[in-house]
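Notes follow once the structure below has been shown.
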Amino acid sequence: GDVSGRTAFITGGANGIGLGIARALVRAGANVVIADIREDALAQAKADLAADGQVETVQLDVTDRAGFARAADAAEARFGKIHILVGNAGVGVMGPVLDARFDDWDWGMGVNLGGVINGLVTILPRIKAHGEGGQIVTTSSQSALIPIGYSAIYTAAKAAVLGISEAIRGELAAENIGVSAFMPGPVQSNIAHSGELRPAEYREDSGYRQREEELEKRPVSPLWMSADEVGERVLAGIRANDLYILTHPEFAGGMRTRFDAILASFPDETINQDRAKEIGFLLGN
Ligand code: NAI
């Protein structure tokens, strides 16, 4: 649907992909609330987008549930209603599974999956209540479909986010709320600096700290897509209520191989019609 005059609440919108989405939405006439943990980046983002339209910023750690409700209150105080939730905040918790410690799992899952869940629980009822409909956009990742190397924690969260998005799509259609899962490939962003955001309570029992510090020195490849380009992709996906928003066709071959391997794993191809009916029921048909 049209985004003009609607209000979008974007988590992790002060940098990278979230900022690209914010820019595309603001230029399309939406009111945008950027919620992010980085105070300095929020001020910068606001200054950056102010000339393009209506922007508000609010400091939020997406793992803080009470803080999420306060941020949603602030968004409603400014713009009246929230229509579009973009659950985008995320951190690049990467490393060999054999080095992963509980602090790595807890922090990675807490932000990348828990942050999306907190957004849904906080904001979905508010969208339903105003009755004007809306859109849920989750930033999953291409890695939800083709896991990249050393990504057990990251992939766990991103695959869960994709699964949630697919699972709620049918239910929310009845409320005129669309759902889109955004699965970008490599995009130019600040994600290599995620380690700076790791809270003190997740630094003690971590096997990834050294890796995170090394990652910060790595330059962003010019071959990676720009955040503004993917922001435009997301805007188009919202307008069309696309369930899947993808960016990099370079992954298509790998996806095909994966799905073919999964399909080839059924014991045989004989379909039991009675069982098929029951499965249709389980699928909500
Ligand atoms: P980024 O680091 O540039 O932006 C992420 C933003 O989220 C930052 O502004 C950061 O301050 C914020 N954030 C982190 N933890 C937070 C928390 N607890 N509460 C609130 N805000 C928090 O990184 P990027 O790449 O733009 O990441 C955005 C999303 O895109 C993430 O979910 C990431 O996993 C996903 N993604 C990124 C890809 C890439 O190649 N850059 C590829 C696929 C997915």
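For the structure tokens, the naming scheme is as follows: chains receive sequential letters (A, B, ...) according to their order of presentation, residues are indexed from 1 within each chain, and ligands are indexed from 1 in presentation order.
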
Using only C-alpha atoms and all ligand atoms, find each residue with an atom at most 7 Å away from ligand 1 and format the answer as a PyMOL selection string.
chain A and resi 11-18+35-38+41+60-63+88-92+111-112+139-143+183-194+197

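Near Val161 in chain A, within 10 Å and counting only C-alpha atoms, sit Gly87, Asn112, Leu113, Gly114, Val116, Ile117, Thr138, Thr139, Ser140, Ser141, Ala144, Thr155, Ala167, Ala181 and Phe182 of chain A; same-chain residues fewer than 6 positions away were not included.
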
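Going from CA of Pro267 in chain A over to CA of Leu145 in chain A, you cover 23.0 Å.
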
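Between CA of Thr57 in chain A and CA of Phe79 in chain A lies a distance of 11.9 Å.
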
Ile21 in chain A proximity check over A:Gly119, A:Gly253, A:Gly237, A:Gly280, using only C-alpha atoms: winner is A:Gly237

Within 12 Å of Ser206 in chain A, counting only C-alpha atoms, which residues qualify if same-chain residues fewer than 3 places away don't, as a PyMOL selection string?
chain A and resi 93-108+195+198-203+209-212

Which of range 75-268 of chain A fall in alpha helix (DSSP H), as an MDAnalysis selection string:
chainID A and resid 75:79 102:112 114:130 152:173 209:215 227:240 252:263

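For the pair CA of Val26 in chain A and CA of Gln59 in chain A, the separation is 19.0 Å.
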
List as a PyMOL selection string the protein and nucleic acid residues near Gly5 in chain A, meaning an atom at most 7 Å away when only C-alpha atoms are counted, but skip any in the same chain fewer than 6 places from it.
chain A and resi 29-31

9 Å contact set for range 48-50 of chain A, only C-alpha atoms, chain neighbours under 6 positions out, as a ChimeraX atom specification:
/A:22-23,26-27,56
